[in-house]
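**Q** My questions all concern the structure below.
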Amino acid sequence: MGLDLVRSRAVFASAGLVLALAACGGSGANDGGQAQNAADTTTRAVYNDDIGGVTQNFDDTLKTQVTRSEVGILSDKMHSMGDYQGLTFLSSDPLKSEYTYRANFAKGSMNVVLRLDSDGKIGAYRVLARAQ
Amino acid sequence: MNFKRAIAGTTLAALCATLVPAAPALADGKASTRNILLGIGAATYLIIQHNRKVHERYAEDARRQAELQSENRDAWAAYSSEKRANDNALAEISDLKREVAYQHSVIVDQRNQLAMAGRADRTAAFVPTPAAHERRNRSSNARRVARRPSSGDVAMVSYGWGSI
């Protein structure tokens with residue numbers, strides 16, 4: 001009886017641990033997917049010179065920093081590399097909620113780094129390109 | 001010229017001679033003939049002088065006219081030259097305007113880039129080289145890396161908003 005009790009507790013504990021790990025993994029994957037969606041949406045908006053689309057996922061502080069001319073400049077930089085072909089995940093820093101992707105273009109690539117706030121809004125969006 | 005002076009002197013002397021009280025007329029034919037010859041000589045001299053003056057005036061007029069024509073031609077040539085220079089200057093100004101407009105656009109572009117980079121620079125989000133990017137990756141143990149960024153000493157420029 002006592003042995004069964006111990007076994008049952010061990011089973012419950014294992015099941016709980018498995019569920020906890022699964023929840024953690026699911027949460028991480030979900031954050032990554034949300035980040036990639038936000039990065040892709042923002043990058044496409046920049047490429048299309050759509051300032052409304054650029055700022056739709058930005059937090060309130062970041063929205064105030066965006067100007068139409070800056071979006072246009074970055075859009076021109078992207079268009080100089082050809083058609084936009086999507087993002088490829090490169091790396092992430094879960095502690096800082098930073099995600100790095102490679103933005104693929106027909107004639108090259110750029111790196112896109114974004115930081116998500118706790119509410120899922122974009123707190124920083126930066127594009128790294130080779131200096132010309 | 002000396003020849004003319006000699007003629008003039010001779011004629012003058014002849015005229016002066018006419019002023020000298022004539023010798024009592026002897027009513028001979030020689031004196032009469034002499035007086036007639038002297039008169040003809042004086043008249044000839046006056047006519048020659050007059051013609052010379054007239055020719056000198058004509059020559060002067062012609063020379064003045066030639067000078068005026070030359071001045072007009074020079075003025076026209078100078079005007080044409082100035083006009084060509086002015087046209088060239090206008091073309092140069094137009095080129096300079098285009099150059100200034102181009103440089104202005106470059107300056108505005110760079111100013112915007114600096115503005116975008118400057119915001120991030122306050123928190124060192126401006127990443128000049130991939131090496132710095134990799135150092136930052138190594139410094140974070142919690143970072144999960146799927147693929148290393150391409151290495152190489154290539155300068156990078158950061159665009160965007162917010163600090164990473």
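Chain lettering (A, B, ...) mirrors the order of the structure tokens, residue numbering begins at 1 for each chain separately, and ligand numbering begins at 1 in order of display.
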Residues of chain A within 8 Å of chain B, counting only C-alpha atoms, what are they? List them as a ChimeraX atom specification.
**A** /A:62,65-66,69-70,73-74,89-95,98,113-115,123-131
**Q** Mind pulling up the distance from atom CA of Asp119 of chain A to atom CA of Ala103 of chain A?
**A**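 Taking atom CA of Ala103 of chain A as the start and atom CA of Asp119 of chain A as the end point, the length is 24.4 Å.
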**Q** Could you list, as an MDAnalysis selection string, every residue within 9 Å of Ser75 of chain A, counting only C-alpha atoms and ignoring same-chain residues fewer than 3 positions away?
**A** chainID A and resid 45:49 70:72 78:80
**Q** Just write the chosen residues, N, CA and C atoms, as an mmCIF file, in the first residue's frame.
**A**
data_model
loop_
_atom_site.group_PDB
_atom_site.id
_atom_site.type_symbol
_atom_site.label_atom_id
_atom_site.label_comp_id
_atom_site.auth_asym_id
_atom_site.auth_seq_id
_atom_site.Cartn_x
_atom_site.Cartn_y
_atom_site.Cartn_z
ATOM 1 N N ALA A 45 6.128 45.854 -43.948
ATOM 2 C CA ALA A 45 5.598 47.215 -43.953
ATOM 3 C C ALA A 45 6.699 48.218 -44.294
ATOM 4 N N VAL A 46 7.882 47.996 -43.735
ATOM 5 C CA VAL A 46 9.001 48.885 -44.073
ATOM 6 C C VAL A 46 9.305 48.777 -45.556
ATOM 7 N N TYR A 47 9.350 47.541 -46.054
ATOM 8 C CA TYR A 47 9.647 47.323 -47.466
ATOM 9 C C TYR A 47 8.617 48.042 -48.350
ATOM 10 N N ASN A 48 7.352 48.012 -47.896
ATOM 11 C CA ASN A 48 6.282 48.656 -48.684
ATOM 12 C C ASN A 48 6.122 50.133 -48.357
ATOM 13 N N ASP A 49 7.024 50.661 -47.532
ATOM 14 C CA ASP A 49 6.984 52.078 -47.165
ATOM 15 C C ASP A 49 5.632 52.446 -46.541
ATOM 16 N N GLU A 70 12.285 58.344 -42.468
ATOM 17 C CA GLU A 70 13.136 57.222 -42.057
ATOM 18 C C GLU A 70 12.621 55.914 -42.627
ATOM 19 N N VAL A 71 11.317 55.754 -42.611
ATOM 20 C CA VAL A 71 10.746 54.543 -43.205
ATOM 21 C C VAL A 71 11.088 54.490 -44.698
ATOM 22 N N GLY A 72 11.005 55.656 -45.344
ATOM 23 C CA GLY A 72 11.327 55.706 -46.772
ATOM 24 C C GLY A 72 12.774 55.348 -47.048
ATOM 25 N N MET A 78 16.103 48.529 -48.569
ATOM 26 C CA MET A 78 15.636 47.165 -48.801
ATOM 27 C C MET A 78 15.357 46.916 -50.284
ATOM 28 N N HIS A 79 14.737 47.883 -50.935
ATOM 29 C CA HIS A 79 14.435 47.707 -52.351
ATOM 30 C C HIS A 79 15.703 47.585 -53.191
ATOM 31 N N SER A 80 16.795 48.193 -52.711
ATOM 32 C CA SER A 80 18.048 48.074 -53.469
ATOM 33 C C SER A 80 18.556 46.634 -53.477
#
